[in-house]
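Asks: So here's my_file-v6.txt, just compact mmCIF, C-alpha atoms:
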```txt
# COMPACT_ATOMS: atom_id res chain seq x y z
CA MET A 1 -78.37 -9.50 -32.27
CA THR A 2 -80.97 -9.83 -34.98
CA GLY A 3 -84.49 -8.69 -35.81
CA ASN A 4 -86.26 -5.47 -36.63
CA ASN A 5 -86.44 -4.44 -32.99
CA MET A 6 -83.47 -2.10 -32.87
CA ASN A 7 -85.44 1.04 -33.73
CA ILE A 8 -85.59 2.13 -30.10
CA ILE A 9 -81.83 1.83 -29.66
CA ASP A 10 -81.27 3.43 -33.07
CA SER A 11 -83.31 6.38 -31.90
CA PHE A 12 -80.67 7.01 -29.25
CA LEU A 13 -78.10 7.67 -31.93
CA GLN A 14 -80.51 9.77 -33.96
CA ASN A 15 -81.65 11.88 -31.02
CA PHE A 16 -78.58 12.29 -28.80
CA ARG A 17 -77.89 15.82 -27.64
CA SER A 18 -74.97 17.71 -26.16
CA ARG A 19 -77.07 19.87 -23.81
CA LYS A 20 -78.82 17.93 -21.10
CA ASN A 21 -81.68 20.41 -20.66
CA GLU A 22 -83.02 19.98 -24.18
CA ALA A 23 -86.23 18.03 -24.69
CA VAL A 24 -85.84 14.47 -25.91
CA ILE A 25 -87.82 13.77 -29.06
CA LEU A 26 -88.06 10.12 -30.07
CA HIS A 27 -89.02 9.36 -33.65
CA THR A 28 -90.82 6.01 -33.58
CA PRO A 29 -92.95 4.11 -36.12
CA HIS A 30 -95.95 5.26 -34.07
CA GLY A 31 -95.11 8.97 -34.26
CA ASP A 32 -92.88 11.51 -32.50
CA LEU A 33 -92.85 11.48 -28.70
CA ASN A 34 -91.62 14.29 -26.46
CA LEU A 35 -90.40 12.56 -23.29
CA ALA A 36 -90.49 15.89 -21.44
CA LYS A 37 -94.28 15.68 -21.49
CA ALA A 38 -95.98 13.36 -19.03
CA GLY A 39 -98.62 12.41 -21.57
CA ASP A 40 -96.07 11.28 -24.14
CA ARG A 41 -94.08 9.37 -21.53
CA LYS A 42 -97.22 7.46 -20.60
CA LYS A 43 -97.71 6.46 -24.24
CA PHE A 44 -94.17 5.11 -24.30
CA GLN A 45 -94.59 2.56 -21.51
CA ARG A 46 -93.07 -0.77 -22.42
CA THR A 47 -95.17 -3.80 -23.22
CA VAL A 48 -94.41 -6.64 -20.81
CA PHE A 49 -94.25 -10.26 -21.94
CA GLU A 50 -96.83 -11.91 -19.71
CA ILE A 51 -95.80 -15.48 -18.87
CA GLN A 52 -96.52 -17.99 -16.11
CA ARG A 53 -93.27 -19.18 -14.59
CA VAL A 54 -92.98 -22.55 -12.84
CA THR A 55 -90.23 -24.14 -10.78
CA ASP A 56 -87.87 -26.38 -12.73
CA ALA A 57 -87.50 -29.96 -11.53
CA LEU A 58 -83.99 -31.36 -11.09
CA THR A 59 -83.98 -34.81 -12.66
CA LYS A 60 -81.26 -37.25 -13.60
CA GLN A 61 -80.20 -37.01 -17.26
CA ASP A 62 -78.38 -39.52 -19.45
CA ILE A 63 -77.33 -39.79 -23.07
CA GLY A 64 -80.67 -41.34 -24.02
CA ASP A 65 -82.50 -38.33 -22.59
CA TRP A 66 -80.15 -36.03 -24.48
CA ARG A 67 -80.91 -37.73 -27.79
CA LYS A 68 -84.68 -37.66 -27.20
CA ALA A 69 -84.54 -33.96 -26.23
CA TRP A 70 -82.51 -33.21 -29.34
CA GLN A 71 -85.11 -34.94 -31.50
CA MET A 72 -87.93 -32.96 -29.87
CA ALA A 73 -86.09 -29.72 -30.59
CA LEU A 74 -85.71 -30.71 -34.26
CA ASN A 75 -89.44 -31.31 -34.74
CA VAL A 76 -90.49 -29.12 -37.67
CA ASP A 77 -94.21 -28.94 -36.89
CA SER A 78 -93.95 -28.43 -33.13
CA PRO A 79 -90.38 -27.72 -31.95
CA ASN A 80 -89.93 -28.14 -28.20
CA ARG A 81 -86.69 -27.29 -26.41
CA VAL A 82 -87.95 -27.71 -22.85
CA LYS A 83 -86.21 -31.06 -22.20
CA LEU A 84 -83.08 -29.87 -23.98
CA TYR A 85 -82.87 -26.80 -21.75
CA ASP A 86 -83.16 -29.07 -18.69
CA ILE A 87 -80.04 -30.85 -19.92
CA TYR A 88 -78.33 -27.55 -20.71
CA ARG A 89 -78.93 -26.45 -17.11
CA ASP A 90 -76.92 -29.46 -15.91
CA VAL A 91 -74.26 -28.81 -18.54
CA ASP A 92 -73.92 -25.23 -17.35
CA THR A 93 -73.05 -26.40 -13.82
CA ASP A 94 -69.99 -28.39 -14.94
CA PRO A 95 -67.07 -26.68 -13.14
CA HIS A 96 -64.54 -26.91 -15.95
CA LEU A 97 -66.97 -25.92 -18.70
CA SER A 98 -68.40 -23.00 -16.73
CA GLY A 99 -64.87 -21.78 -16.10
CA CYS A 100 -64.15 -21.83 -19.84
CA THR A 101 -67.36 -19.99 -20.76
CA THR A 102 -66.88 -17.42 -17.99
CA GLN A 103 -63.31 -16.79 -19.13
CA ARG A 104 -64.41 -16.23 -22.71
CA ARG A 105 -67.20 -13.90 -21.59
CA GLY A 106 -64.69 -11.96 -19.52
CA PHE A 107 -62.43 -11.48 -22.54
CA VAL A 108 -65.33 -10.17 -24.61
CA MET A 109 -66.82 -7.92 -21.93
CA SER A 110 -63.45 -6.38 -21.05
CA ARG A 111 -62.97 -4.99 -24.56
CA SER A 112 -63.73 -1.31 -24.99
CA PHE A 113 -65.85 0.06 -27.82
CA LYS A 114 -66.57 3.40 -29.42
CA LEU A 115 -69.18 4.98 -31.66
CA VAL A 116 -68.17 6.95 -34.73
CA ASP A 117 -70.08 9.18 -37.11
CA ALA A 118 -70.16 9.01 -40.92
CA SER A 119 -66.74 10.64 -41.17
CA GLY A 120 -65.17 8.16 -38.74
CA ASP A 121 -64.82 10.59 -35.82
CA GLU A 122 -65.60 9.27 -32.36
CA ASN A 123 -68.78 10.59 -30.79
CA THR A 124 -68.45 10.61 -27.02
CA ASP A 125 -71.95 12.05 -26.47
CA ALA A 126 -73.56 9.10 -28.24
CA LEU A 127 -71.25 6.68 -26.39
CA HIS A 128 -72.65 7.89 -23.07
CA TYR A 129 -76.05 6.43 -23.98
CA PHE A 130 -74.55 2.93 -24.19
CA ASP A 131 -71.90 3.13 -21.48
CA GLN A 132 -74.54 1.99 -19.01
CA SER A 133 -75.14 -1.10 -16.88
CA TRP A 134 -78.23 -2.10 -18.90
CA PHE A 135 -76.23 -2.28 -22.13
CA LYS A 136 -73.42 -4.31 -20.56
CA TYR A 137 -75.92 -6.81 -19.20
CA LEU A 138 -77.60 -6.95 -22.62
CA LEU A 139 -74.23 -7.85 -24.16
CA ARG A 140 -73.78 -10.59 -21.56
CA LEU A 141 -77.18 -12.12 -22.38
CA ALA A 142 -76.41 -11.87 -26.08
CA HIS A 143 -73.09 -13.66 -25.52
CA ASP A 144 -74.85 -16.48 -23.66
CA SER A 145 -76.81 -17.26 -26.82
CA ILE A 146 -73.62 -18.85 -28.20
CA TRP A 147 -73.99 -21.65 -25.64
CA TRP A 148 -77.78 -21.84 -25.35
CA GLY A 149 -78.56 -21.16 -29.02
CA HIS A 150 -80.98 -18.26 -28.61
CA SER A 151 -81.82 -15.43 -26.22
CA LEU A 152 -84.88 -13.17 -26.22
CA ILE A 153 -84.10 -10.03 -24.24
CA GLU A 154 -86.71 -7.57 -23.04
CA LEU A 155 -85.81 -3.90 -22.59
CA GLY A 156 -86.92 -2.12 -19.44
CA GLU A 157 -88.59 1.23 -18.88
CA LEU A 158 -87.09 4.46 -20.19
CA THR A 159 -85.54 6.59 -17.46
CA HIS A 160 -82.59 8.92 -16.87
CA ASP A 161 -79.24 8.29 -15.21
CA GLY A 162 -77.48 10.59 -12.75
CA ASP A 163 -76.26 12.82 -15.57
CA GLY A 164 -79.73 13.21 -17.04
CA CYS A 165 -78.94 10.91 -19.96
CA LEU A 166 -81.76 8.82 -21.37
CA CYS A 167 -81.37 5.11 -20.60
CA TYR A 168 -83.27 1.93 -19.74
CA ASP A 169 -83.78 0.92 -16.13
CA GLY A 170 -82.61 -2.58 -17.00
CA VAL A 171 -83.04 -5.57 -19.27
CA ARG A 172 -84.16 -9.12 -18.56
CA LEU A 173 -83.98 -12.48 -20.26
CA ILE A 174 -87.31 -13.99 -21.24
CA PRO A 175 -87.17 -17.57 -19.86
CA ARG A 176 -86.02 -19.70 -22.76
CA LYS A 177 -88.59 -22.44 -22.13
CA HIS A 178 -91.33 -19.96 -23.04
CA VAL A 179 -89.74 -18.99 -26.37
CA ILE A 180 -90.11 -20.86 -29.67
CA PRO A 181 -87.52 -19.06 -31.82
CA GLU A 182 -88.26 -21.12 -34.95
CA TYR A 183 -91.64 -19.38 -35.21
CA HIS A 184 -90.72 -16.24 -33.20
CA ARG A 185 -93.36 -16.96 -30.58
CA CYS A 186 -93.50 -16.52 -26.81
CA VAL A 187 -96.03 -18.74 -25.02
CA VAL A 188 -97.66 -18.05 -21.66
CA ASN A 189 -97.18 -21.56 -20.22
CA VAL A 190 -94.30 -23.95 -20.77
CA GLY A 191 -95.30 -26.59 -23.28
CA ASP A 192 -98.10 -24.57 -24.94
CA ASP A 193 -98.53 -24.91 -28.68
CA TRP A 194 -96.61 -22.23 -30.53
CA HIS A 195 -99.77 -21.17 -32.42
CA SER A 196 -101.14 -19.72 -29.18
CA GLY A 197 -98.02 -17.67 -28.50
CA ILE A 198 -97.24 -13.99 -28.98
CA ASP A 199 -95.42 -13.04 -32.16
CA TYR A 200 -92.59 -10.90 -30.81
CA HIS A 201 -91.69 -9.77 -34.34
CA GLU A 202 -94.92 -7.76 -34.40
CA ALA A 203 -95.63 -4.43 -32.69
CA PRO A 204 -95.73 -3.55 -29.88
CA TYR A 205 -93.53 -6.43 -28.70
CA SER A 206 -90.96 -5.87 -31.43
CA ASP A 207 -90.22 -2.45 -29.91
CA TRP A 208 -89.11 -3.98 -26.61
CA GLY A 209 -87.66 -7.38 -27.54
CA ILE A 210 -84.19 -8.06 -28.93
CA GLU A 211 -83.13 -11.44 -30.28
CA ALA A 212 -79.64 -12.84 -29.98
CA GLY A 213 -78.65 -15.95 -31.93
CA LEU A 214 -80.24 -17.71 -34.87
CA PRO A 215 -83.75 -19.21 -34.65
CA ASP A 216 -82.63 -22.73 -35.57
CA ASP A 217 -79.37 -22.72 -33.57
CA LEU A 218 -79.31 -25.13 -30.62
CA GLY A 219 -76.08 -23.78 -29.18
CA LEU A 220 -72.71 -25.27 -28.30
CA TYR A 221 -74.10 -26.90 -25.15
CA LEU A 222 -75.61 -29.52 -27.46
CA LYS A 223 -72.12 -30.84 -28.19
CA ALA A 224 -70.78 -30.24 -24.69
CA ALA A 225 -73.55 -32.41 -23.19
CA GLN A 226 -71.98 -35.50 -24.76
CA GLN A 227 -69.00 -35.00 -22.45
CA THR A 228 -70.52 -33.53 -19.31
CA ILE A 229 -73.22 -36.21 -18.89
CA PRO A 230 -70.77 -39.20 -18.84
CA LYS A 231 -68.38 -37.14 -16.72
CA LYS A 232 -71.08 -36.54 -14.10
CA HIS A 233 -71.95 -40.24 -14.00
CA ALA A 234 -68.29 -41.25 -13.77
CA ASN A 235 -67.80 -38.88 -10.84
CA ALA A 236 -70.83 -40.40 -9.09
CA PHE A 237 -69.50 -43.95 -9.62
CA TRP A 238 -66.04 -42.96 -8.40
CA ASP A 239 -67.53 -41.30 -5.33
CA ALA A 240 -69.42 -44.51 -4.46
CA PHE A 241 -66.24 -46.57 -5.03
CA ALA A 242 -64.18 -44.27 -2.81
CA GLU A 243 -66.81 -44.38 -0.08
CA ILE A 244 -66.70 -48.18 0.00
CA PHE A 245 -63.04 -48.96 -0.74
CA GLY A 246 -61.33 -45.68 0.01
CA MET A 247 -61.15 -46.12 3.80
CA PRO A 248 -57.57 -46.47 5.13
CA MET A 249 -56.28 -49.87 6.22
CA ARG A 250 -56.70 -50.60 9.93
CA THR A 251 -53.97 -52.36 11.91
CA ALA A 252 -54.82 -54.26 15.11
CA ARG A 253 -52.34 -55.47 17.71
CA THR A 254 -52.88 -58.25 20.24
CA THR A 255 -50.81 -59.85 22.99
CA THR A 256 -51.98 -63.39 22.38
CA ARG A 257 -49.62 -65.86 20.72
CA MET A 258 -52.18 -68.56 19.93
CA GLU A 259 -53.09 -68.67 16.23
CA PRO A 260 -56.78 -69.67 16.68
CA THR A 261 -57.27 -66.88 19.19
CA ARG A 262 -55.70 -64.27 16.89
CA LYS A 263 -58.01 -65.31 14.05
CA ASN A 264 -61.03 -64.97 16.33
CA ASP A 265 -59.87 -61.49 17.42
CA ALA A 266 -59.52 -60.47 13.79
```
Can I see the file as structure tokens?
Replies:
Amino acid sequence: MTGNNMNIIDSFLQNFRSRKNEAVILHTPHGDLNLAKAGDRKKFQRTVFEIQRVTDALTKQDIGDWRKAWQMALNVDSPNRVKLYDIYRDVDTDPHLSGCTTQRRGFVMSRSFKLVDASGDENTDALHYFDQSWFKYLLRLAHDSIWWGHSLIELGELTHDGDGCLCYDGVRLIPRKHVIPEYHRCVVNVGDDWHSGIDYHEAPYSDWGIEAGLPDDLGLYLKAAQQTIPKKHANAFWDAFAEIFGMPMRTARTTTRMEPTRKNDA
């Protein structure tokens, strides 16, 4: 995960406490906020990325479409990954490939982690802030950036868990078609020019957005598409062949002994 947007998460480590009834003071670039006060909590409401989502169309893709989409994504002046992400969506549905990616994600997510202080001692109080469902889902979205190339993750509202520990109420992935990572912009409508987008490296969006992956990385699905697209077409051709020629042989019996009659029956 990259960017200068980790100050909110860093504040967890700087402000963790052992007694749950103590006031939570967050030290932010915009001043200190006491989350025990309703007025300060109101000031700390997250800034939502406002976008207009549309339904994706499922269209047939081939190697020519893949090459054109790759070229559009490489455009320096106006990079556009929309067509490439349409192909990636088909790639992601390949049974064998999705099994491999899910298995790798499972290996990563099953590993335990710990937080240590400057002296190397484990800090269980600080670990409690991150041993939450929102953080595990954030790690999953960050891991997906290996395949897709980039993920922009938005943090949810600040709340408390059952133990009174400060946490986020969730995280969500900003739809990748709305993000132009090369220029760190988020556009309202798919296909808009990146100049009209929101710079999520600037406040207040930088306080709630976390990047995973490199801006110019197109992900491993770019290479995988060269195999999954022909595989999908080959499966379709084989299905049509089996439908026509895959029916079992039929045997007919007749009591006639006359050759012309038997041919007519056949």
Asks: For the atom pair atom CA of A:Ala225 and atom CA of A:Val91, what is the interatomic distance in Å to one decimal place?
Replies: 5.9 Å
Asks: Write out as a list of chain:residue names each polymer residue whose atoms come within 10 Å of stretch 53-65 of chain A, counting all atoms listed in the file; drop sequence neighbours fewer than 5 positions from it.
Replies: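 Contacts, with the query itself left out: A:Trp70, A:Gln71, A:Lys83, A:Leu84, A:Asp86, A:Ile87, A:Arg89, A:Asp90, A:Pro175, A:Lys177, A:His178, A:Val188, A:Asn189, A:Val190, A:Ala225, A:Gln226, A:Gln227, A:Thr228, A:Ile229, A:Pro230, A:Lys232, A:His233.
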Asks: Can you write out the residues you just picked, keeping C-alpha atoms, as a PDB file, in the coordinates of the input?
Replies:
```pdb
ATOM      1  CA  TRP A  70     -82.510 -33.210 -29.340  1.00  0.00           C
ATOM      2  CA  GLN A  71     -85.110 -34.940 -31.500  1.00  0.00           C
ATOM      3  CA  LYS A  83     -86.210 -31.060 -22.200  1.00  0.00           C
ATOM      4  CA  LEU A  84     -83.080 -29.870 -23.980  1.00  0.00           C
ATOM      5  CA  ASP A  86     -83.160 -29.070 -18.690  1.00  0.00           C
ATOM      6  CA  ILE A  87     -80.040 -30.850 -19.920  1.00  0.00           C
ATOM      7  CA  ARG A  89     -78.930 -26.450 -17.110  1.00  0.00           C
ATOM      8  CA  ASP A  90     -76.920 -29.460 -15.910  1.00  0.00           C
ATOM      9  CA  PRO A 175     -87.170 -17.570 -19.860  1.00  0.00           C
ATOM     10  CA  LYS A 177     -88.590 -22.440 -22.130  1.00  0.00           C
ATOM     11  CA  HIS A 178     -91.330 -19.960 -23.040  1.00  0.00           C
ATOM     12  CA  VAL A 188     -97.660 -18.050 -21.660  1.00  0.00           C
ATOM     13  CA  ASN A 189     -97.180 -21.560 -20.220  1.00  0.00           C
ATOM     14  CA  VAL A 190     -94.300 -23.950 -20.770  1.00  0.00           C
ATOM     15  CA  ALA A 225     -73.550 -32.410 -23.190  1.00  0.00           C
ATOM     16  CA  GLN A 226     -71.980 -35.500 -24.760  1.00  0.00           C
ATOM     17  CA  GLN A 227     -69.000 -35.000 -22.450  1.00  0.00           C
ATOM     18  CA  THR A 228     -70.520 -33.530 -19.310  1.00  0.00           C
ATOM     19  CA  ILE A 229     -73.220 -36.210 -18.890  1.00  0.00           C
ATOM     20  CA  PRO A 230     -70.770 -39.200 -18.840  1.00  0.00           C
ATOM     21  CA  LYS A 232     -71.080 -36.540 -14.100  1.00  0.00           C
ATOM     22  CA  HIS A 233     -71.950 -40.240 -14.000  1.00  0.00           C
TER      23      HIS A 233
END
```
Asks: May I ask for the distance between atom CA of A:Ser78 and atom CA of A:Arg176, given in Å to one decimal place?
Replies: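 Spanning atom CA of A:Ser78 to atom CA of A:Arg176 is a straight-line distance of 15.7 Å.
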Asks: Tell me, as a list in words, which residues lie within 10 Å of stretch 139-145 of chain A, counting all atoms listed in the file; anything in the same chain fewer than 4 positions away does not count.
Replies: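 Final neighbour list, sorted by chain and number: Met1, Thr101, Thr102, Arg104, Arg105, Gly106, Val108, Met109, Ser133, Trp134, Phe135, Gly149, His150, Ser151, Leu152, Ile153, Val171, Arg172, Leu173, Ile210, Glu211, Ala212, Gly213, Leu214, Asp217, Leu218, Gly219 and Leu220 of chain A.
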Asks: Got time to write the residues from that selection, C-alpha atoms, as a compact mmCIF listing (two decimals), keeping the file's coordinate frame?
Replies:
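What landed in part_39.txt:
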```txt
# COMPACT_ATOMS: atom_id res chain seq x y z
CA MET A 1 -78.37 -9.50 -32.27
CA THR A 101 -67.36 -19.99 -20.76
CA THR A 102 -66.88 -17.42 -17.99
CA ARG A 104 -64.41 -16.23 -22.71
CA ARG A 105 -67.20 -13.90 -21.59
CA GLY A 106 -64.69 -11.96 -19.52
CA VAL A 108 -65.33 -10.17 -24.61
CA MET A 109 -66.82 -7.92 -21.93
CA SER A 133 -75.14 -1.10 -16.88
CA TRP A 134 -78.23 -2.10 -18.90
CA PHE A 135 -76.23 -2.28 -22.13
CA GLY A 149 -78.56 -21.16 -29.02
CA HIS A 150 -80.98 -18.26 -28.61
CA SER A 151 -81.82 -15.43 -26.22
CA LEU A 152 -84.88 -13.17 -26.22
CA ILE A 153 -84.10 -10.03 -24.24
CA VAL A 171 -83.04 -5.57 -19.27
CA ARG A 172 -84.16 -9.12 -18.56
CA LEU A 173 -83.98 -12.48 -20.26
CA ILE A 210 -84.19 -8.06 -28.93
CA GLU A 211 -83.13 -11.44 -30.28
CA ALA A 212 -79.64 -12.84 -29.98
CA GLY A 213 -78.65 -15.95 -31.93
CA LEU A 214 -80.24 -17.71 -34.87
CA ASP A 217 -79.37 -22.72 -33.57
CA LEU A 218 -79.31 -25.13 -30.62
CA GLY A 219 -76.08 -23.78 -29.18
CA LEU A 220 -72.71 -25.27 -28.30
```
Asks: Excluding A:Leu158 and residues on its chain fewer than 4 positions from it, collect all residues at most 8 Å away from it, counting all atoms listed in the file, and give them as a PyMOL selection string.
Replies: chain A and resi 45+166-169
Asks: I need the chosen residues saved as an mmCIF file, in the coordinates of the input, with C-alpha atoms.
Replies:
```cif
data_model
loop_
_atom_site.group_PDB
_atom_site.id
_atom_site.type_symbol
_atom_site.label_atom_id
_atom_site.label_comp_id
_atom_site.auth_asym_id
_atom_site.auth_seq_id
_atom_site.Cartn_x
_atom_site.Cartn_y
_atom_site.Cartn_z
ATOM 1 C CA GLN A 45 -94.590 2.560 -21.510
ATOM 2 C CA LEU A 166 -81.760 8.820 -21.370
ATOM 3 C CA CYS A 167 -81.370 5.110 -20.600
ATOM 4 C CA TYR A 168 -83.270 1.930 -19.740
ATOM 5 C CA ASP A 169 -83.780 0.920 -16.130
#
```
Asks: Which of these residues is nearest to A:Arg185, using all atoms listed in the file: A:Pro215, A:Met247, A:Leu138, A:His160?
Replies: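 For A:Arg185, the nearest of the candidates is A:Pro215.
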Asks: Grab the atom CA of A:Ile51 to atom CA of A:Lys136 distance for me, in Å with one decimal place.
Replies: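 Separating atom CA of A:Ile51 from atom CA of A:Lys136 is a distance of 25.1 Å.
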Asks: Using all atoms listed in the file, find the one residue out of A:Trp208, A:Asp77, A:Lys68, A:Tyr221 that sits nearest to A:Asp193.
Replies: A:Asp77
